[in-house]
Structure formats: C-alpha cells, structure tokens
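Report on the following structure.
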Amino acid sequence: MLHTVNKSPFEKNSLDTCLAHAKEGSAILLIEDGVYGATKGTAVSEKVQEAMSKFTVYALEPDVKLRGVANKVMDGVKLVDYAGFVDLAVENDKVQAWL
C-alpha cells in the first residue's frame with residue numbers, strides 16, 4: 001500500500017498516524033508540507049529514520065526543492081518526481097492519503 005502524507009509533522013499528527021497504522025513493507029510518500037518529515041536534524045528525524053527499517057520512505061522532489069530543504073533530506077529517503085509518484089500509485093494496490 002502507498003501512504004501519502006501532505007501535512008507538516010510540526011503542525012499535524014498525520015505522519016505519526018500514518019506510521020502507527022501502516023503495515024510493514026508499505027511505501028510512504030511525503031508530499032507538499034509533508035516533506036518536512038524527511039529532513040534531518042529535526043524533532044521527527046529519529047522517528048522517520050526508525051520507520052525506514054519497516055517502510056520505504058519517499059519524498060516528492062519538486063516539493064522538497066520548492067521548500068528549500070533539498071540539502072537537508074535524510075539519507076535513505078528516496079526522492080521521486082511526478083512520474084515517480086504516478087509509478088508508486090500504479091505499483092501499489094491501494095493508496096491511503098493521511099490529511
């Protein structure tokens with residue numbers, strides 16, 4: 001299953017809820033302000049780093065660049081473009097949006 005998170009983990013608990021409910025092996029795509037969850041050196045970095053042992057974590061590269069955090073993305077987070085987003089949606093049988 002593909003899980004998308006579009007809210008900043010510093011403003012909403014969408015990422016926490018996603019991580020608590022996603023099944024091991026799921027893909028998690030951080031989009032819009034959700035990409036702040038992929039940055040290193042923050043209050044959620046350790047939690048996301050630990051999650052990468054169970055899930056594949058992606059971040060939408062255009063959103064990362066737009067928010068000026070391209071040089072702060074954690075190692076292990078895979079950046080995808082819009083075509084990669086579409087590929088993830090097609091490859092996974094279900095998509096769950098965490099708002």
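Each chain of the structure tokens is named A, B, ... in the order shown, its residues numbered from 1; ligands are numbered from 1 in display order.
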Which residues are near region 18-34 of chain A? Cut-off 7 Å, only C-alpha atoms, ignore same chain within fewer than 3 positions. Put them as a JSON list (two decimals) with C-alpha atoms, in the first residue's frame.
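So result34.json came out as:
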```
[["chain", "number", "residue", "atom", "x", "y", "z"],
["A", 1, "MET", "CA", 0.00, 0.00, 0.00],
["A", 2, "LEU", "CA", 1.11, 3.55, -0.73],
["A", 3, "HIS", "CA", 0.54, 6.08, 2.05],
["A", 4, "THR", "CA", 0.76, 9.78, 1.26],
["A", 5, "VAL", "CA", 1.32, 12.44, 3.90],
["A", 6, "ASN", "CA", 0.86, 16.08, 2.89],
["A", 7, "LYS", "CA", 0.91, 17.89, 6.25],
["A", 8, "SER", "CA", 3.98, 19.09, 8.14],
["A", 9, "PRO", "CA", 4.76, 16.84, 11.10],
["A", 14, "SER", "CA", -0.70, 12.91, 10.07],
["A", 15, "LEU", "CA", 2.78, 11.39, 9.84],
["A", 37, "GLY", "CA", 9.29, 14.99, 7.77],
["A", 54, "LYS", "CA", 9.94, -1.14, 8.09],
["A", 55, "PHE", "CA", 8.81, 1.11, 5.25],
["A", 56, "THR", "CA", 10.24, 2.63, 2.10],
["A", 57, "VAL", "CA", 10.07, 6.39, 2.55],
["A", 58, "TYR", "CA", 9.86, 8.67, -0.46],
["A", 59, "ALA", "CA", 9.64, 12.44, -0.80],
["A", 60, "LEU", "CA", 8.34, 14.34, -3.81],
["A", 63, "ASP", "CA", 8.07, 19.85, -3.15],
["A", 98, "TRP", "CA", -3.24, 10.98, 5.52]]
```
Selection: 9 Å around region 72-82 of chain A, only C-alpha atoms, excl. self and same-chain fewer than 3 positions, as a list in words: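 Selected residues are Leu29, Val35, Tyr36, Gly37, Ala38, Thr39, Lys40, Gly41, Ser45, Gln49, Met52, Thr56, Val57, Tyr58, Ala59, Leu60, Glu61, Pro62, Val64, Gly68, Val69, Phe85, Val86 and Asp87 of chain A.
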Residues of chain A in strand (DSSP E), written as a ChimeraX atom specification: /A:2-5,27-30,56-60,78-80,95-98
DSSP-assigned alpha helix (DSSP H) members of region 36-71 of chain A, reported as a VMD selection string: chain A and resid 45 to 51 61 to 66
Å distance separating CA of Ala43 (chain A) from CA of Lys12 (chain A), one decimal place: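 Answer for the CA of Ala43 (chain A) to CA of Lys12 (chain A) separation: 13.4 Å.
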